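Novice: Sending over a structure as structure tokens; questions will come in a sec.
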Amino acid sequence: MKKTHIKICCISSIEEAKLAINAGASALGLVGHMPSGPGIISNQLIAEIAASVPKHIDTFLLTSETSAEKIIQHYLKVNTTTIQLVDALKQGSHSQIKSALPHIKIVQVLHVLDESSIDEALKISNFVDLILLDSGNPNLATKELGGTGRIHNWEISKEIVNKVTVPVFLAGGLTPKNALQAIKEVNPYGLDLCSGVRTNGHLDIIKLDAFFRAIKEN
């Protein structure tokens with residue numbers, strides 16, 4: 001059975017990073033400025049956390065910038081291993097980011113709204129290293145770009161996983177209770193959690209342990 005990679009998002013301190021890694025996370029999500037959602041921290045703190053973790057742990061900068069130039073500038077302030085684009089690019093291209101930062105992995109978030117997300121995933125998969133499927137809605141007046149705690153249509157996510165040639169993370173409403181079901185139904189490369197392992201906004205070691213115990217049944 002293949003390993004499911006686990007990313008714990010909305011990390012807010014070096015202590016939370018250690019908790020997540022000790023529990024079994026192979027990647028951490030560090031949230032930059034967003035129009036909405038949990039876990040937003042300063043660029044300085046993102047840089048400090050990224051510098052503090054072991055080399056084998058992936059650190060994801062979550063950026064809501066939609067210009068390739070501004071995304072590159074944002075990255076240079078934090079030096080993570082990975083850039084997670086939570087919104088669609090409006091100016092420039094993924095190739096421009098990759099050319100400027102060839103050693104950095106690029107993850108594009110797609111918010112699964114309907115079956116049009118399948119075609120969108122197929123197109124974007126030619127330009128990025130990974131895709132992350134989430135449950136926000138970038139079409140609202142105040143964009144939802146993640147951290148909603150909602151599940152989207154996993155049938156659509158499963159079809160995307162089966163059709164694209166790049167790894168796919170699944171996010172949105174994942175908890176210790178449904179994580180194993182998500183793995184079995186969607187078969188993603190990885191799972192991405194935020195609110196499902198937190199209590200009152202803080203990383204909860206009891207929920208973390210329950211989550212990793214649950215997926216070991218896979």
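Here, A, B, ... name the chains of the structure tokens in the order displayed, residue numbers run from 1 inside each chain, and ligands are numbered from 1 in the same displayed order.
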As a list in words, please: all residues of stretch 14-112 of chain A that backbone DSSP puts in strand (DSSP E).
Specialist: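 Here is the list: Ala27, Leu28, Gly29, Leu30, Val31, Asp58, Thr59, Phe60, Leu61, Leu62, Thr63, Thr82, Ile83, Gln84, Leu85, Lys105, Ile106, Val107, Gln108, Val109, Leu110 and His111 of chain A.
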Novice: For A:Leu19, please output as a list in words all residues within 9 Å (counting only C-alpha atoms; exclusion window: fewer than 3 positions along the same chain).
Specialist: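 Contacts, with the query itself left out: Ile14, Glu15, Glu16, Asn22, Ala23, Gly24, Ala25, Leu203, Asp204, Ile205 and Leu208 of chain A.
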Novice: So which residues touch stretch 131-134 of chain A within 6 Å, counting only C-alpha atoms, skipping near sequence neighbours fewer than 6 positions away, as a list in words?
Specialist: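 Returned residues: Val107, Gln108, Val109, Leu110, His111, Val168, Phe169, Leu170, Ala171 and Gly172 of chain A.
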Novice: What would the file look like if the residues just selected were written as a PDB file, in the first residue's frame with N, CA and C atoms?
Specialist:
```pdb
ATOM      1  N   VAL A 107       2.922  24.460  -6.091  1.00  0.00           N
ATOM      2  CA  VAL A 107       1.649  23.774  -5.885  1.00  0.00           C
ATOM      3  C   VAL A 107       0.529  24.749  -6.222  1.00  0.00           C
ATOM      4  N   GLN A 108      -0.372  24.344  -7.109  1.00  0.00           N
ATOM      5  CA  GLN A 108      -1.534  25.175  -7.416  1.00  0.00           C
ATOM      6  C   GLN A 108      -2.760  24.606  -6.715  1.00  0.00           C
ATOM      7  N   VAL A 109      -3.440  25.453  -5.956  1.00  0.00           N
ATOM      8  CA  VAL A 109      -4.698  25.066  -5.335  1.00  0.00           C
ATOM      9  C   VAL A 109      -5.831  25.229  -6.336  1.00  0.00           C
ATOM     10  N   LEU A 110      -6.681  24.223  -6.416  1.00  0.00           N
ATOM     11  CA  LEU A 110      -7.920  24.314  -7.180  1.00  0.00           C
ATOM     12  C   LEU A 110      -9.079  24.098  -6.219  1.00  0.00           C
ATOM     13  N   HIS A 111     -10.000  25.039  -6.191  1.00  0.00           N
ATOM     14  CA  HIS A 111     -11.167  24.900  -5.326  1.00  0.00           C
ATOM     15  C   HIS A 111     -12.253  24.177  -6.126  1.00  0.00           C
ATOM     16  N   VAL A 168      -1.393  14.756  -6.219  1.00  0.00           N
ATOM     17  CA  VAL A 168      -2.533  15.564  -5.785  1.00  0.00           C
ATOM     18  C   VAL A 168      -2.716  15.446  -4.278  1.00  0.00           C
ATOM     19  N   PHE A 169      -2.753  16.588  -3.596  1.00  0.00           N
ATOM     20  CA  PHE A 169      -3.152  16.648  -2.194  1.00  0.00           C
ATOM     21  C   PHE A 169      -4.647  16.899  -2.121  1.00  0.00           C
ATOM     22  N   LEU A 170      -5.304  16.302  -1.131  1.00  0.00           N
ATOM     23  CA  LEU A 170      -6.725  16.533  -0.875  1.00  0.00           C
ATOM     24  C   LEU A 170      -6.862  17.314   0.424  1.00  0.00           C
ATOM     25  N   ALA A 171      -7.636  18.393   0.388  1.00  0.00           N
ATOM     26  CA  ALA A 171      -7.892  19.215   1.573  1.00  0.00           C
ATOM     27  C   ALA A 171      -9.390  19.486   1.671  1.00  0.00           C
ATOM     28  N   GLY A 172      -9.795  20.033   2.804  1.00  0.00           N
ATOM     29  CA  GLY A 172     -11.186  20.434   2.972  1.00  0.00           C
ATOM     30  C   GLY A 172     -11.969  19.516   3.889  1.00  0.00           C
TER      31      GLY A 172
END
```
Novice: List the spatial neighbours of A:Ser64 as a PyMOL selection string - criterion: any atom at most 7 Å away, only C-alpha atoms, same-chain residues fewer than 6 positions off excluded.
Specialist: chain A and resi 33-34+85-87
Novice: Using only N, CA and C atoms, please write the residues we just selected to a file, as a PDB file, in the first residue's frame.
Specialist:
```pdb
ATOM      1  N   HIS A  33      -0.349  36.424   4.136  1.00  0.00           N
ATOM      2  CA  HIS A  33      -1.529  37.295   4.114  1.00  0.00           C
ATOM      3  C   HIS A  33      -2.627  36.714   3.221  1.00  0.00           C
ATOM      4  N   MET A  34      -3.864  36.682   3.750  1.00  0.00           N
ATOM      5  CA  MET A  34      -5.028  36.158   3.030  1.00  0.00           C
ATOM      6  C   MET A  34      -6.208  37.098   3.240  1.00  0.00           C
ATOM      7  N   LEU A  85       0.113  28.233  -4.277  1.00  0.00           N
ATOM      8  CA  LEU A  85      -0.690  29.329  -4.823  1.00  0.00           C
ATOM      9  C   LEU A  85      -2.157  29.039  -4.535  1.00  0.00           C
ATOM     10  N   VAL A  86      -2.763  29.835  -3.654  1.00  0.00           N
ATOM     11  CA  VAL A  86      -4.137  29.535  -3.244  1.00  0.00           C
ATOM     12  C   VAL A  86      -5.170  30.192  -4.154  1.00  0.00           C
ATOM     13  N   ASP A  87      -4.702  31.009  -5.091  1.00  0.00           N
ATOM     14  CA  ASP A  87      -5.600  31.660  -6.044  1.00  0.00           C
ATOM     15  C   ASP A  87      -5.006  31.484  -7.449  1.00  0.00           C
TER      16      ASP A  87
END
```
Novice: Could you go through stretch 26-85 of chain A and tell me which residues DSSP, when run on the backbone, assigns to helix (DSSP H, G or I), listing them as an MDAnalysis selection string?
Specialist: chainID A and resid 43:52 68:76
Novice: Could you dump the residues just selected with N, CA and C atoms as an mmCIF file, in the first residue's frame?
Specialist:
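Writing the result to selection-v8.cif gives the following:
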```cif
data_model
loop_
_atom_site.group_PDB
_atom_site.id
_atom_site.type_symbol
_atom_site.label_atom_id
_atom_site.label_comp_id
_atom_site.auth_asym_id
_atom_site.auth_seq_id
_atom_site.Cartn_x
_atom_site.Cartn_y
_atom_site.Cartn_z
ATOM 1 N N ASN A 43 5.517 37.180 7.637
ATOM 2 C CA ASN A 43 6.590 36.622 6.814
ATOM 3 C C ASN A 43 7.811 36.269 7.660
ATOM 4 N N GLN A 44 8.113 37.088 8.653
ATOM 5 C CA GLN A 44 9.257 36.815 9.521
ATOM 6 C C GLN A 44 9.082 35.494 10.258
ATOM 7 N N LEU A 45 7.872 35.249 10.769
ATOM 8 C CA LEU A 45 7.630 34.000 11.491
ATOM 9 C C LEU A 45 7.651 32.805 10.531
ATOM 10 N N ILE A 46 7.111 32.978 9.324
ATOM 11 C CA ILE A 46 7.182 31.907 8.325
ATOM 12 C C ILE A 46 8.643 31.530 8.082
ATOM 13 N N ALA A 47 9.497 32.537 7.903
ATOM 14 C CA ALA A 47 10.920 32.289 7.656
ATOM 15 C C ALA A 47 11.573 31.583 8.829
ATOM 16 N N GLU A 48 11.224 31.989 10.050
ATOM 17 C CA GLU A 48 11.814 31.371 11.249
ATOM 18 C C GLU A 48 11.403 29.908 11.372
ATOM 19 N N ILE A 49 10.135 29.620 11.129
ATOM 20 C CA ILE A 49 9.664 28.232 11.217
ATOM 21 C C ILE A 49 10.314 27.386 10.127
ATOM 22 N N ALA A 50 10.348 27.914 8.899
ATOM 23 C CA ALA A 50 10.940 27.171 7.781
ATOM 24 C C ALA A 50 12.402 26.848 8.047
ATOM 25 N N ALA A 51 13.120 27.775 8.668
ATOM 26 C CA ALA A 51 14.543 27.559 8.949
ATOM 27 C C ALA A 51 14.767 26.593 10.101
ATOM 28 N N SER A 52 13.738 26.387 10.920
ATOM 29 C CA SER A 52 13.914 25.589 12.142
ATOM 30 C C SER A 52 13.681 24.092 11.952
ATOM 31 N N ALA A 68 2.918 36.707 -10.819
ATOM 32 C CA ALA A 68 4.131 35.896 -10.713
ATOM 33 C C ALA A 68 5.258 36.683 -10.042
ATOM 34 N N GLU A 69 5.395 37.948 -10.408
ATOM 35 C CA GLU A 69 6.462 38.778 -9.839
ATOM 36 C C GLU A 69 6.294 38.947 -8.330
ATOM 37 N N LYS A 70 5.065 39.195 -7.896
ATOM 38 C CA LYS A 70 4.821 39.377 -6.459
ATOM 39 C C LYS A 70 4.950 38.062 -5.692
ATOM 40 N N ILE A 71 4.605 36.954 -6.330
ATOM 41 C CA ILE A 71 4.782 35.642 -5.699
ATOM 42 C C ILE A 71 6.267 35.378 -5.466
ATOM 43 N N ILE A 72 7.079 35.680 -6.461
ATOM 44 C CA ILE A 72 8.532 35.510 -6.321
ATOM 45 C C ILE A 72 9.064 36.393 -5.193
ATOM 46 N N GLN A 73 8.610 37.648 -5.151
ATOM 47 C CA GLN A 73 9.037 38.558 -4.090
ATOM 48 C C GLN A 73 8.616 38.042 -2.719
ATOM 49 N N HIS A 74 7.401 37.503 -2.627
ATOM 50 C CA HIS A 74 6.914 36.960 -1.360
ATOM 51 C C HIS A 74 7.795 35.797 -0.919
ATOM 52 N N TYR A 75 8.075 34.897 -1.855
ATOM 53 C CA TYR A 75 8.904 33.741 -1.527
ATOM 54 C C TYR A 75 10.271 34.158 -0.985
ATOM 55 N N LEU A 76 10.889 35.154 -1.597
ATOM 56 C CA LEU A 76 12.248 35.555 -1.213
ATOM 57 C C LEU A 76 12.322 36.094 0.215
#
```
Novice: Which is closest to A:Lys7 among A:Ser117, A:Ser99, A:His152, A:Leu174, if we use only C-alpha atoms?
Specialist: A:Leu174
Novice: So, counting only C-alpha atoms, which residue among A:Leu180, A:Cys194, A:Leu130, A:Leu101 is closest to A:Pro167?
Specialist: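 Among A:Leu180, A:Cys194, A:Leu130, A:Leu101, it is A:Leu130 that comes nearest to A:Pro167.
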Novice: Which is closest to A:Gln181 among A:Ala214, A:Ala17, A:Leu30, A:Ile97, if we use only C-alpha atoms?
Specialist: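 Going through A:Ala214, A:Ala17, A:Leu30, A:Ile97 one by one, the smallest distance to A:Gln181 is for A:Ala214.
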Novice: Smallest atom-to-atom distance to A:Arg213: which of A:Ser42, A:Ser135, A:Thr175, A:Ser67, using only C-alpha atoms?
Specialist: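 The closest residue to A:Arg213 is A:Thr175.
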Novice: Distance atom CA of A:Thr59-atom CA of A:His94, one decimal place?
Specialist: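 We find that atom CA of A:Thr59 and atom CA of A:His94 lie 18.9 Å from each other.
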Novice: Using Å and a single decimal, report how far atom CA of A:Ile21 sits from atom CA of A:Val78.
Specialist: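 According to the coordinates, atom CA of A:Val78 and atom CA of A:Ile21 are separated by 19.5 Å.
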Novice: So that I can see what lies close to A:His56, please list as a compact mmCIF listing (two decimals) with C-alpha atoms, in the first residue's frame the residues with an atom at most 9 Å from it, counting only C-alpha atoms and leaving out residues fewer than 3 positions away in the same chain.
Specialist:
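Below is the file result-v2.txt, written as the result:
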```
# COMPACT_ATOMS: atom_id res chain seq x y z
CA SER A 26 5.99 15.27 6.26
CA ALA A 27 4.96 18.81 5.29
CA VAL A 53 12.59 22.31 10.73
```
Novice: A:Lys123: which residues within 12 Å, counting only C-alpha atoms, same-chain residues fewer than 2 positions away excluded, as a ChimeraX atom specification?
Specialist: /A:108,110,116-121,125-128,131,160,163-166
Novice: For the selection you just gave me, I'd like the residues written to a file as a short mmCIF file (atom, residue, chain, number, x, y, z; two decimals), in the first residue's frame, keeping N, CA and C atoms.
Specialist:
```cif
data_model
loop_
_atom_site.label_atom_id
_atom_site.label_comp_id
_atom_site.auth_asym_id
_atom_site.auth_seq_id
_atom_site.Cartn_x
_atom_site.Cartn_y
_atom_site.Cartn_z
N GLN A 108 -0.37 24.34 -7.11
CA GLN A 108 -1.53 25.17 -7.42
C GLN A 108 -2.76 24.61 -6.72
N LEU A 110 -6.68 24.22 -6.42
CA LEU A 110 -7.92 24.31 -7.18
C LEU A 110 -9.08 24.10 -6.22
N SER A 116 -16.29 21.35 -13.84
CA SER A 116 -15.35 22.15 -14.62
C SER A 116 -13.95 22.12 -14.00
N SER A 117 -13.88 21.77 -12.72
CA SER A 117 -12.58 21.67 -12.04
C SER A 117 -11.70 20.58 -12.64
N ILE A 118 -12.31 19.58 -13.27
CA ILE A 118 -11.54 18.49 -13.88
C ILE A 118 -10.72 19.02 -15.05
N ASP A 119 -11.35 19.78 -15.94
CA ASP A 119 -10.63 20.36 -17.07
C ASP A 119 -9.58 21.35 -16.60
N GLU A 120 -9.93 22.12 -15.57
CA GLU A 120 -8.99 23.10 -15.02
C GLU A 120 -7.74 22.39 -14.49
N ALA A 121 -7.95 21.26 -13.80
CA ALA A 121 -6.83 20.50 -13.25
C ALA A 121 -5.94 19.94 -14.36
N SER A 125 -2.03 21.08 -14.70
CA SER A 125 -1.06 20.03 -14.35
C SER A 125 0.18 20.05 -15.23
N ASN A 126 0.10 20.71 -16.36
CA ASN A 126 1.25 20.80 -17.26
C ASN A 126 2.30 21.80 -16.78
N PHE A 127 1.95 22.60 -15.78
CA PHE A 127 2.82 23.72 -15.40
C PHE A 127 3.27 23.70 -13.94
N VAL A 128 2.76 22.76 -13.14
CA VAL A 128 3.06 22.77 -11.70
C VAL A 128 3.59 21.41 -11.26
N ILE A 131 -0.83 19.48 -7.40
CA ILE A 131 -2.12 20.16 -7.32
C ILE A 131 -2.71 19.87 -5.95
N ILE A 160 -10.08 13.66 -10.85
CA ILE A 160 -8.88 14.47 -11.09
C ILE A 160 -7.63 13.66 -10.78
N LYS A 163 -6.83 11.30 -13.54
CA LYS A 163 -6.55 11.83 -14.87
C LYS A 163 -5.25 12.63 -14.98
N VAL A 164 -4.83 13.30 -13.90
CA VAL A 164 -3.63 14.13 -14.01
C VAL A 164 -2.39 13.28 -13.76
N THR A 165 -1.25 13.79 -14.19
CA THR A 165 0.01 13.05 -14.06
C THR A 165 0.89 13.58 -12.95
N VAL A 166 0.42 14.59 -12.20
CA VAL A 166 1.20 15.11 -11.07
C VAL A 166 0.52 14.69 -9.77
#
```
Novice: Hey, can you check how far atom CA of A:Asn153 sits from atom CA of A:Ala182?
Specialist: 11.0 Å
